Amino acid sequence: MQEKEFRDLLLAQVHTFENEVIALNDYMAEHPETGSAEYESSRRIVDLLRKHGMETEYPFAGFDTAFKGTIHPEKKHRMALLVEYDALRGLGHACGHCASGAASVLAALALHQVKEQLAFGVDIIGTPDEEIKGDKCYMAEQGVFDGYDFAAMVHMGGFNTAEVSFIALDGLGFKWHGTPAHAAAAPEKGRNALNAARLFLEATDMMRQHVIQEARMHGFIKNGGAASNIVPDFAEIEFLTRAPKRQDLNDITAWVKDCAKAAAMATRTEVESFLVGAPFHELHISEIGKRIMESCFEDLGIDFAKGKSAMTGSSDIGNVDYRCPTFHPIMGIGKNYDAHTKEFAAEMTCAGTHRAIKNSADYLLTLTAKLYTDSALLAELKADHKAYRGYA
């Protein structure tokens, strides 16, 4: 089957499930659930997949709110559609995961509708908790994404683009333990944990002039004492380090940990360090990957911005990309709002977002048709990915 013929076949299925998926999105938008607690959201997605006959494992991979729906489990050539559905603490679906997840569900249902005409397999994988822990990272470590020809999802944003700037990230926690004392009567008997935390922040500020320009370091004091007349015996900081590539970030993170130890030594306190969530790796957008993503916009007649990133930050999607070629374009919701804002969250049940869900499903199906009707293009994509990641 030629690309256009296959694409038209897939796109023709979307209208069959569109209303049900829009209703699913609206429910999730109005009933946001934060990471690892997406019980009702995941259940409703699974119920919809099973209603239309898709074999679905739930829970999946050791995560209560993860799932995996399968089309043609026997096929060697396979693709993965990724589904996000967690909300932000305090802001609801201000990152649009209700809509991006719904788009993947819509694409999967369309593919399942014509499964007898597919020469490849499809897995739709529910990936919880992108915002806090990053469960895709743990899934990647388990090998969940190994062996796929590619993985794909479409994220919602203010405008259409093939480009995002997702850099590596480490989430770090530090707790200093000192000795309490009366701050007026016997300060010499105290060991000030808050001073250690302050010294740590000063040290990491001094680091900035000696790390690569693209690095980012930021954090806040979660606990700095209980009373002004008691020497603080406990202080805690949550801290993030970022860099364009994992290999750059590892040394920066090690240096930050040294700052925490040095602050403890200087104040004669004790420090414990721990990870806050999983380490996020960078998402690589190759020239061939960008060319493929931009051609999908063009095939659908959707205008898009070139050379302009719709998102800058970090995501656990990068850890998927360490295992297989991964696509993460942005689909505009009709208003140029930034994600992680109240305005963006308020748009999730509006017509622009509903249109973006259909456009995103169409995009995923167009991408599928493009790669599975051109074996040379798929081979080129996989070879490029393998070379970049340094796999033998």
# chains A, B, ... in the order shown; residues from 1 in each chain; ligands from 1
call {"tool": "closest_atom_pairs", "arguments": {"of": "region 90-184 of chain A", "to": "region 250-270 of chain A", "cutoff": "7 Å", "atoms": "only C-alpha atoms", "output": "tab-separated table"}}
result
residue	atom	partner	partner_atom	distance
A:Trp176	CA	A:Glu270	CA	5.5
A:His177	CA	A:Glu270	CA	5.1
A:Gly178	CA	A:Thr269	CA	4.7
call {"tool": "residues_around", "arguments": {"residues": "region 323-331 of chain A", "least_positions_apart": "5", "cutoff": "7 Å", "atoms": "only C-alpha atoms", "output": "PyMOL selection string"}}
result
chain A and resi 145-146+148-157+159-163+310+356+360+382+385
call {"tool": "write_last_selection", "arguments": {"atoms": "N, CA and C atoms", "output": "short mmCIF file (atom, residue, chain, number, x, y, z; two decimals), in the first residue's frame"}}
result
data_model
loop_
_atom_site.label_atom_id
_atom_site.label_comp_id
_atom_site.auth_asym_id
_atom_site.auth_seq_id
_atom_site.Cartn_x
_atom_site.Cartn_y
_atom_site.Cartn_z
N PHE A 145 10.84 -0.03 26.58
CA PHE A 145 10.85 0.60 25.26
C PHE A 145 11.89 0.01 24.32
N ASP A 146 12.55 -1.04 24.74
CA ASP A 146 13.56 -1.67 23.89
C ASP A 146 12.89 -2.37 22.71
N TYR A 148 11.52 -1.26 19.90
CA TYR A 148 10.53 -0.61 19.04
C TYR A 148 11.20 0.07 17.85
N ASP A 149 10.51 0.09 16.73
CA ASP A 149 11.00 0.87 15.58
C ASP A 149 11.03 2.35 15.94
N PHE A 150 10.02 2.79 16.67
CA PHE A 150 9.98 4.18 17.16
C PHE A 150 8.87 4.29 18.19
N ALA A 151 8.94 5.34 18.99
CA ALA A 151 7.87 5.70 19.93
C ALA A 151 7.43 7.12 19.59
N ALA A 152 6.17 7.43 19.87
CA ALA A 152 5.67 8.75 19.49
C ALA A 152 4.52 9.19 20.38
N MET A 153 4.44 10.49 20.57
CA MET A 153 3.30 11.16 21.16
C MET A 153 3.31 12.59 20.64
N VAL A 154 2.22 13.29 20.79
CA VAL A 154 2.14 14.71 20.44
C VAL A 154 1.74 15.46 21.69
N HIS A 155 2.50 16.51 22.02
CA HIS A 155 2.22 17.31 23.21
C HIS A 155 1.46 18.57 22.80
N MET A 156 0.63 19.07 23.66
CA MET A 156 -0.09 20.31 23.40
C MET A 156 0.80 21.52 23.71
N GLY A 157 0.59 22.62 22.99
CA GLY A 157 1.36 23.82 23.21
C GLY A 157 0.66 25.04 22.65
N PHE A 159 1.69 26.74 19.96
CA PHE A 159 1.74 26.76 18.50
C PHE A 159 2.33 25.44 18.02
N ASN A 160 2.23 25.22 16.71
CA ASN A 160 2.68 23.97 16.10
C ASN A 160 4.18 24.04 15.79
N THR A 161 4.90 23.01 16.18
CA THR A 161 6.32 22.94 15.84
C THR A 161 6.82 21.51 16.01
N ALA A 162 7.87 21.19 15.29
CA ALA A 162 8.54 19.89 15.44
C ALA A 162 9.60 19.93 16.52
N GLU A 163 9.84 21.10 17.09
CA GLU A 163 11.01 21.27 17.94
C GLU A 163 10.64 21.56 19.39
N ALA A 310 8.79 25.19 21.12
CA ALA A 310 7.59 25.51 21.88
C ALA A 310 7.77 25.24 23.37
N ALA A 356 -7.20 20.32 18.41
CA ALA A 356 -5.80 19.88 18.52
C ALA A 356 -5.70 18.38 18.79
N SER A 360 -3.73 16.03 16.34
CA SER A 360 -2.62 15.23 16.87
C SER A 360 -2.78 13.76 16.52
N LYS A 382 16.47 4.69 12.13
CA LYS A 382 17.01 3.82 13.17
C LYS A 382 18.54 3.82 13.17
N HIS A 385 19.73 7.09 14.72
CA HIS A 385 19.55 7.04 16.17
C HIS A 385 20.62 6.20 16.84
#
call {"tool": "residues_around", "arguments": {"residues": "Met28 (chain A)", "least_positions_apart": "3", "cutoff": "8 Å", "atoms": "only C-alpha atoms", "output": "number ranges by chain"}}
result
A: 24-25, 31-33, 41, 85, 98
call {"tool": "write_last_selection", "arguments": {"atoms": "N, CA and C atoms", "output": "PDB file, in the first residue's frame"}}
result
ATOM      1  N   LEU A  24     -13.573  11.802  26.964  1.00  0.00           N
ATOM      2  CA  LEU A  24     -12.521  11.324  27.871  1.00  0.00           C
ATOM      3  C   LEU A  24     -11.604  12.472  28.278  1.00  0.00           C
ATOM      4  N   ASN A  25     -11.171  13.264  27.303  1.00  0.00           N
ATOM      5  CA  ASN A  25     -10.324  14.423  27.593  1.00  0.00           C
ATOM      6  C   ASN A  25     -11.009  15.376  28.559  1.00  0.00           C
ATOM      7  N   HIS A  31     -11.343  16.645  36.125  1.00  0.00           N
ATOM      8  CA  HIS A  31     -11.052  15.839  37.314  1.00  0.00           C
ATOM      9  C   HIS A  31      -9.560  15.484  37.316  1.00  0.00           C
ATOM     10  N   PRO A  32      -8.687  16.490  37.444  1.00  0.00           N
ATOM     11  CA  PRO A  32      -7.246  16.244  37.336  1.00  0.00           C
ATOM     12  C   PRO A  32      -6.717  15.373  38.474  1.00  0.00           C
ATOM     13  N   GLU A  33      -5.823  14.466  38.120  1.00  0.00           N
ATOM     14  CA  GLU A  33      -5.168  13.600  39.101  1.00  0.00           C
ATOM     15  C   GLU A  33      -3.657  13.729  38.935  1.00  0.00           C
ATOM     16  N   SER A  41      -8.394   8.313  35.842  1.00  0.00           N
ATOM     17  CA  SER A  41      -8.002   8.645  34.463  1.00  0.00           C
ATOM     18  C   SER A  41      -7.516   7.406  33.725  1.00  0.00           C
ATOM     19  N   TYR A  85      -1.166  11.367  31.256  1.00  0.00           N
ATOM     20  CA  TYR A  85      -2.475  11.763  31.781  1.00  0.00           C
ATOM     21  C   TYR A  85      -2.396  12.324  33.191  1.00  0.00           C
ATOM     22  N   CYS A  98      -4.048  15.681  29.556  1.00  0.00           N
ATOM     23  CA  CYS A  98      -5.353  15.098  29.248  1.00  0.00           C
ATOM     24  C   CYS A  98      -5.573  15.053  27.741  1.00  0.00           C
TER      25      CYS A  98
END
call {"tool": "closest_residue", "arguments": {"among": "A:Ile292, A:Ile71, A:Ala369, A:Ala140", "to": "Glu5 (chain A)", "atoms": "only C-alpha atoms"}}
result
A:Ala369
call {"tool": "select_by_dssp", "arguments": {"residues": "region 136-313 of chain A", "states": "strand (DSSP E)", "output": "PDB file with N, CA and C atoms, in the first residue's frame"}}
result
ATOM      1  N   PHE A 150      10.023   2.790  16.666  1.00  0.00           N
ATOM      2  CA  PHE A 150       9.981   4.177  17.157  1.00  0.00           C
ATOM      3  C   PHE A 150       8.867   4.293  18.186  1.00  0.00           C
ATOM      4  N   ALA A 151       8.936   5.336  18.991  1.00  0.00           N
ATOM      5  CA  ALA A 151       7.872   5.700  19.926  1.00  0.00           C
ATOM      6  C   ALA A 151       7.428   7.119  19.594  1.00  0.00           C
ATOM      7  N   ALA A 152       6.167   7.428  19.867  1.00  0.00           N
ATOM      8  CA  ALA A 152       5.667   8.746  19.487  1.00  0.00           C
ATOM      9  C   ALA A 152       4.516   9.187  20.381  1.00  0.00           C
ATOM     10  N   HIS A 155       2.503  16.506  22.016  1.00  0.00           N
ATOM     11  CA  HIS A 155       2.219  17.313  23.208  1.00  0.00           C
ATOM     12  C   HIS A 155       1.465  18.570  22.801  1.00  0.00           C
ATOM     13  N   MET A 156       0.632  19.070  23.663  1.00  0.00           N
ATOM     14  CA  MET A 156      -0.091  20.313  23.397  1.00  0.00           C
ATOM     15  C   MET A 156       0.799  21.519  23.711  1.00  0.00           C
ATOM     16  N   GLY A 157       0.587  22.616  22.986  1.00  0.00           N
ATOM     17  CA  GLY A 157       1.361  23.825  23.213  1.00  0.00           C
ATOM     18  C   GLY A 157       0.657  25.037  22.648  1.00  0.00           C
ATOM     19  N   SER A 165      13.040  21.759  23.301  1.00  0.00           N
ATOM     20  CA  SER A 165      14.392  21.761  23.862  1.00  0.00           C
ATOM     21  C   SER A 165      14.332  21.120  25.243  1.00  0.00           C
ATOM     22  N   PHE A 166      14.383  19.797  25.256  1.00  0.00           N
ATOM     23  CA  PHE A 166      14.339  19.049  26.511  1.00  0.00           C
ATOM     24  C   PHE A 166      15.747  18.592  26.856  1.00  0.00           C
ATOM     25  N   ALA A 168      18.825  17.340  29.821  1.00  0.00           N
ATOM     26  CA  ALA A 168      18.951  16.394  30.929  1.00  0.00           C
ATOM     27  C   ALA A 168      18.736  17.095  32.267  1.00  0.00           C
ATOM     28  N   LEU A 169      18.205  16.356  33.211  1.00  0.00           N
ATOM     29  CA  LEU A 169      17.869  16.932  34.523  1.00  0.00           C
ATOM     30  C   LEU A 169      18.130  15.908  35.622  1.00  0.00           C
ATOM     31  N   ASP A 170      18.651  16.397  36.742  1.00  0.00           N
ATOM     32  CA  ASP A 170      18.727  15.614  37.979  1.00  0.00           C
ATOM     33  C   ASP A 170      17.975  16.354  39.069  1.00  0.00           C
ATOM     34  N   GLY A 171      17.071  15.665  39.732  1.00  0.00           N
ATOM     35  CA  GLY A 171      16.378  16.211  40.886  1.00  0.00           C
ATOM     36  C   GLY A 171      17.059  15.717  42.155  1.00  0.00           C
ATOM     37  N   LEU A 172      17.478  16.644  43.002  1.00  0.00           N
ATOM     38  CA  LEU A 172      18.276  16.304  44.183  1.00  0.00           C
ATOM     39  C   LEU A 172      17.626  16.842  45.449  1.00  0.00           C
ATOM     40  N   GLY A 173      17.742  16.070  46.512  1.00  0.00           N
ATOM     41  CA  GLY A 173      17.307  16.528  47.819  1.00  0.00           C
ATOM     42  C   GLY A 173      18.465  16.456  48.801  1.00  0.00           C
ATOM     43  N   PHE A 174      18.555  17.457  49.674  1.00  0.00           N
ATOM     44  CA  PHE A 174      19.602  17.491  50.695  1.00  0.00           C
ATOM     45  C   PHE A 174      18.965  17.800  52.047  1.00  0.00           C
ATOM     46  N   LYS A 175      19.395  17.039  53.067  1.00  0.00           N
ATOM     47  CA  LYS A 175      18.935  17.278  54.433  1.00  0.00           C
ATOM     48  C   LYS A 175      20.158  17.402  55.337  1.00  0.00           C
ATOM     49  N   TRP A 176      20.248  18.537  56.012  1.00  0.00           N
ATOM     50  CA  TRP A 176      21.334  18.749  56.967  1.00  0.00           C
ATOM     51  C   TRP A 176      20.807  18.570  58.385  1.00  0.00           C
ATOM     52  N   HIS A 177      21.569  17.873  59.185  1.00  0.00           N
ATOM     53  CA  HIS A 177      21.195  17.629  60.570  1.00  0.00           C
ATOM     54  C   HIS A 177      22.250  18.242  61.489  1.00  0.00           C
ATOM     55  N   ARG A 216      21.785  24.801  33.946  1.00  0.00           N
ATOM     56  CA  ARG A 216      20.830  25.486  34.812  1.00  0.00           C
ATOM     57  C   ARG A 216      20.861  24.823  36.188  1.00  0.00           C
ATOM     58  N   MET A 217      20.825  25.652  37.245  1.00  0.00           N
ATOM     59  CA  MET A 217      20.778  25.148  38.613  1.00  0.00           C
ATOM     60  C   MET A 217      19.791  25.998  39.402  1.00  0.00           C
ATOM     61  N   HIS A 218      18.857  25.362  40.076  1.00  0.00           N
ATOM     62  CA  HIS A 218      17.867  26.126  40.828  1.00  0.00           C
ATOM     63  C   HIS A 218      17.234  25.243  41.896  1.00  0.00           C
ATOM     64  N   GLY A 219      16.844  25.865  43.005  1.00  0.00           N
ATOM     65  CA  GLY A 219      16.239  25.111  44.083  1.00  0.00           C
ATOM     66  C   GLY A 219      15.637  26.023  45.136  1.00  0.00           C
ATOM     67  N   PHE A 220      15.147  25.421  46.226  1.00  0.00           N
ATOM     68  CA  PHE A 220      14.538  26.227  47.280  1.00  0.00           C
ATOM     69  C   PHE A 220      14.682  25.513  48.616  1.00  0.00           C
ATOM     70  N   ILE A 221      14.594  26.289  49.686  1.00  0.00           N
ATOM     71  CA  ILE A 221      14.669  25.741  51.041  1.00  0.00           C
ATOM     72  C   ILE A 221      13.283  25.253  51.452  1.00  0.00           C
ATOM     73  N   LYS A 222      13.159  23.958  51.678  1.00  0.00           N
ATOM     74  CA  LYS A 222      11.881  23.375  52.087  1.00  0.00           C
ATOM     75  C   LYS A 222      11.674  23.477  53.586  1.00  0.00           C
ATOM     76  N   ASN A 223      12.766  23.464  54.339  1.00  0.00           N
ATOM     77  CA  ASN A 223      12.680  23.537  55.801  1.00  0.00           C
ATOM     78  C   ASN A 223      13.920  24.245  56.311  1.00  0.00           C
ATOM     79  N   PHE A 234      17.745  21.298  61.755  1.00  0.00           N
ATOM     80  CA  PHE A 234      17.370  20.583  60.533  1.00  0.00           C
ATOM     81  C   PHE A 234      17.066  21.586  59.426  1.00  0.00           C
ATOM     82  N   ALA A 235      17.587  21.316  58.240  1.00  0.00           N
ATOM     83  CA  ALA A 235      17.276  22.131  57.062  1.00  0.00           C
ATOM     84  C   ALA A 235      17.229  21.212  55.853  1.00  0.00           C
ATOM     85  N   GLU A 236      16.371  21.547  54.907  1.00  0.00           N
ATOM     86  CA  GLU A 236      16.213  20.718  53.709  1.00  0.00           C
ATOM     87  C   GLU A 236      16.097  21.593  52.474  1.00  0.00           C
ATOM     88  N   ILE A 237      16.743  21.185  51.410  1.00  0.00           N
ATOM     89  CA  ILE A 237      16.681  21.889  50.121  1.00  0.00           C
ATOM     90  C   ILE A 237      16.325  20.893  49.028  1.00  0.00           C
ATOM     91  N   GLU A 238      15.447  21.311  48.134  1.00  0.00           N
ATOM     92  CA  GLU A 238      15.188  20.580  46.888  1.00  0.00           C
ATOM     93  C   GLU A 238      15.860  21.349  45.760  1.00  0.00           C
ATOM     94  N   PHE A 239      16.616  20.663  44.924  1.00  0.00           N
ATOM     95  CA  PHE A 239      17.496  21.338  43.966  1.00  0.00           C
ATOM     96  C   PHE A 239      17.478  20.589  42.644  1.00  0.00           C
ATOM     97  N   LEU A 240      17.508  21.332  41.543  1.00  0.00           N
ATOM     98  CA  LEU A 240      17.551  20.751  40.205  1.00  0.00           C
ATOM     99  C   LEU A 240      18.800  21.207  39.471  1.00  0.00           C
ATOM    100  N   THR A 241      19.432  20.283  38.781  1.00  0.00           N
ATOM    101  CA  THR A 241      20.530  20.615  37.868  1.00  0.00           C
ATOM    102  C   THR A 241      20.119  20.185  36.467  1.00  0.00           C
ATOM    103  N   ARG A 242      20.537  20.973  35.482  1.00  0.00           N
ATOM    104  CA  ARG A 242      20.196  20.658  34.085  1.00  0.00           C
ATOM    105  C   ARG A 242      21.382  20.974  33.187  1.00  0.00           C
ATOM    106  N   ALA A 243      21.477  20.231  32.090  1.00  0.00           N
ATOM    107  CA  ALA A 243      22.477  20.490  31.054  1.00  0.00           C
ATOM    108  C   ALA A 243      21.988  19.848  29.763  1.00  0.00           C
ATOM    109  N   GLU A 270      25.727  17.233  59.676  1.00  0.00           N
ATOM    110  CA  GLU A 270      25.735  16.040  58.835  1.00  0.00           C
ATOM    111  C   GLU A 270      24.738  16.244  57.697  1.00  0.00           C
ATOM    112  N   VAL A 271      25.074  15.712  56.509  1.00  0.00           N
ATOM    113  CA  VAL A 271      24.180  15.878  55.358  1.00  0.00           C
ATOM    114  C   VAL A 271      23.873  14.531  54.738  1.00  0.00           C
ATOM    115  N   GLU A 272      22.633  14.383  54.322  1.00  0.00           N
ATOM    116  CA  GLU A 272      22.242  13.224  53.520  1.00  0.00           C
ATOM    117  C   GLU A 272      21.698  13.755  52.189  1.00  0.00           C
ATOM    118  N   SER A 273      22.059  13.074  51.119  1.00  0.00           N
ATOM    119  CA  SER A 273      21.576  13.476  49.792  1.00  0.00           C
ATOM    120  C   SER A 273      20.798  12.329  49.182  1.00  0.00           C
ATOM    121  N   PHE A 274      19.829  12.656  48.333  1.00  0.00           N
ATOM    122  CA  PHE A 274      18.976  11.642  47.717  1.00  0.00           C
ATOM    123  C   PHE A 274      18.393  12.203  46.433  1.00  0.00           C
ATOM    124  N   LEU A 275      17.940  11.312  45.572  1.00  0.00           N
ATOM    125  CA  LEU A 275      17.317  11.724  44.322  1.00  0.00           C
ATOM    126  C   LEU A 275      15.866  12.106  44.558  1.00  0.00           C
ATOM    127  N   THR A 312      10.857  24.603  26.549  1.00  0.00           N
ATOM    128  CA  THR A 312      12.225  24.486  27.042  1.00  0.00           C
ATOM    129  C   THR A 312      12.141  23.959  28.464  1.00  0.00           C
ATOM    130  N   GLY A 313      12.836  22.893  28.722  1.00  0.00           N
ATOM    131  CA  GLY A 313      12.790  22.300  30.051  1.00  0.00           C
ATOM    132  C   GLY A 313      13.322  20.890  30.007  1.00  0.00           C
TER     133      GLY A 313
END
call {"tool": "residues_around", "arguments": {"residues": "region 117-131 of chain A", "least_positions_apart": "6", "cutoff": "6 Å", "atoms": "only C-alpha atoms", "output": "VMD selection string"}}
result
chain A and resid 35 to 36 66 to 72 75 77 to 84 86
call {"tool": "residues_around", "arguments": {"residues": "Ala12 (chain A)", "least_positions_apart": "4", "cutoff": "10 Å", "atoms": "only C-alpha atoms", "output": "short mmCIF file (atom, residue, chain, number, x, y, z; two decimals) with C-alpha atoms, in the first residue's frame"}}
result
data_model
loop_
_atom_site.label_atom_id
_atom_site.label_comp_id
_atom_site.auth_asym_id
_atom_site.auth_seq_id
_atom_site.Cartn_x
_atom_site.Cartn_y
_atom_site.Cartn_z
CA ARG A 7 -2.69 7.49 5.40
CA ASP A 8 -6.17 8.10 3.98
CA THR A 16 -15.62 6.91 14.55
CA ALA A 110 -8.08 4.16 14.61
CA ASP A 362 -4.11 12.62 12.47
#
call {"tool": "closest_residue", "arguments": {"among": "A:Gly225, A:Met207, A:Glu214, A:Ser375", "to": "Thr179 (chain A)", "atoms": "only C-alpha atoms"}}
result
A:Gly225
call {"tool": "atom_distance", "arguments": {"atom1": "CA of Ala108 (chain A)", "atom2": "CA of Ser309 (chain A)"}}
result
26.9 Å
call {"tool": "residues_around", "arguments": {"residues": "Glu141 (chain A)", "least_positions_apart": "4", "cutoff": "12 Å", "atoms": "only C-alpha atoms", "output": "list in words"}}
result
Ala61, Gly134, Asp135, Lys136, Cys137, Phe145, Asp146, Ala278, Pro279, Phe280, Asp316, Asn319, Val320, Tyr322 and Arg323 of chain A
call {"tool": "atom_distance", "arguments": {"atom1": "CA of Ala103 (chain A)", "atom2": "CA of Lys133 (chain A)"}}
result
22.9 Å
call {"tool": "select_by_dssp", "arguments": {"residues": "region 57-289 of chain A", "states": "alpha helix (DSSP H)", "output": "compact mmCIF listing (two decimals) with C-alpha atoms, in the first residue's frame"}}
result
# COMPACT_ATOMS: atom_id res chain seq x y z
CA HIS A 97 -1.63 15.79 29.34
CA CYS A 98 -5.35 15.10 29.25
CA ALA A 99 -5.38 16.20 25.61
CA SER A 100 -2.07 14.74 24.47
CA GLY A 101 -3.00 11.43 26.10
CA ALA A 102 -6.42 11.51 24.47
CA ALA A 103 -4.78 12.06 21.06
CA SER A 104 -2.69 8.90 21.44
CA VAL A 105 -5.80 6.96 22.46
CA LEU A 106 -7.65 8.25 19.39
CA ALA A 107 -4.79 7.21 17.10
CA ALA A 108 -4.59 3.77 18.71
CA LEU A 109 -8.32 3.15 18.26
CA ALA A 110 -8.08 4.16 14.61
CA LEU A 111 -5.21 1.71 14.08
CA HIS A 112 -7.08 -1.05 15.88
CA GLN A 113 -10.10 -0.49 13.66
CA ASP A 135 7.90 6.95 35.36
CA LYS A 136 9.10 6.65 31.76
CA CYS A 137 12.62 6.68 33.22
CA TYR A 138 11.92 3.64 35.38
CA MET A 139 10.13 1.94 32.50
CA ALA A 140 13.13 2.57 30.27
CA GLU A 141 15.42 0.98 32.87
CA GLN A 142 13.17 -2.09 32.82
CA ALA A 193 21.71 23.28 59.80
CA LEU A 194 20.20 26.38 58.19
CA ASN A 195 23.67 27.90 57.92
CA ALA A 196 24.73 24.76 56.06
CA ALA A 197 21.82 25.13 53.63
CA ARG A 198 22.64 28.81 53.08
CA LEU A 199 26.29 28.00 52.53
CA PHE A 200 25.29 25.34 50.00
CA LEU A 201 23.25 27.88 48.02
CA GLU A 202 26.14 30.34 48.07
CA ALA A 203 28.54 27.64 46.87
CA THR A 204 26.32 26.56 43.98
CA ASP A 205 25.85 30.21 43.00
CA MET A 206 29.64 30.51 42.79
CA MET A 207 29.70 27.40 40.60
CA ARG A 246 23.65 13.69 30.22
CA GLN A 247 27.43 13.45 29.91
CA ASP A 248 27.72 17.16 30.78
CA LEU A 249 25.26 16.95 33.63
CA ASN A 250 26.86 14.07 35.51
CA ASP A 251 29.90 16.16 36.48
CA ILE A 252 27.77 19.20 37.41
CA THR A 253 25.57 17.08 39.67
CA ALA A 254 28.63 15.53 41.33
CA TRP A 255 30.00 19.03 41.99
CA VAL A 256 26.70 20.13 43.53
CA LYS A 257 26.82 17.13 45.86
CA ASP A 258 30.35 18.14 46.85
CA CYS A 259 29.02 21.60 47.73
CA ALA A 260 26.50 19.98 50.06
CA LYS A 261 29.23 17.95 51.76
CA ALA A 262 31.49 21.01 52.06
CA ALA A 263 28.67 23.03 53.62
CA ALA A 264 28.20 20.28 56.19
CA MET A 265 31.92 20.20 56.99
CA ALA A 266 32.08 23.96 57.37
CA THR A 267 29.17 24.01 59.82
CA GLU A 287 17.95 16.30 11.25
CA ILE A 288 16.17 13.29 9.80
CA GLY A 289 13.75 13.21 12.72
call {"tool": "closest_residue", "arguments": {"among": "A:Thr341, A:Asn336, A:Asn229, A:Gln13", "to": "Leu365 (chain A)", "atoms": "only C-alpha atoms"}}
result
A:Gln13
call {"tool": "residues_around", "arguments": {"residues": "Thr366 (chain A)", "least_positions_apart": "2", "cutoff": "8 Å", "atoms": "only C-alpha atoms", "output": "list in words"}}
result
Arg7, Leu11, Cys296, Asp299, Leu300, Asp362, Tyr363, Leu364, Thr368, Ala369 and Lys370 of chain A
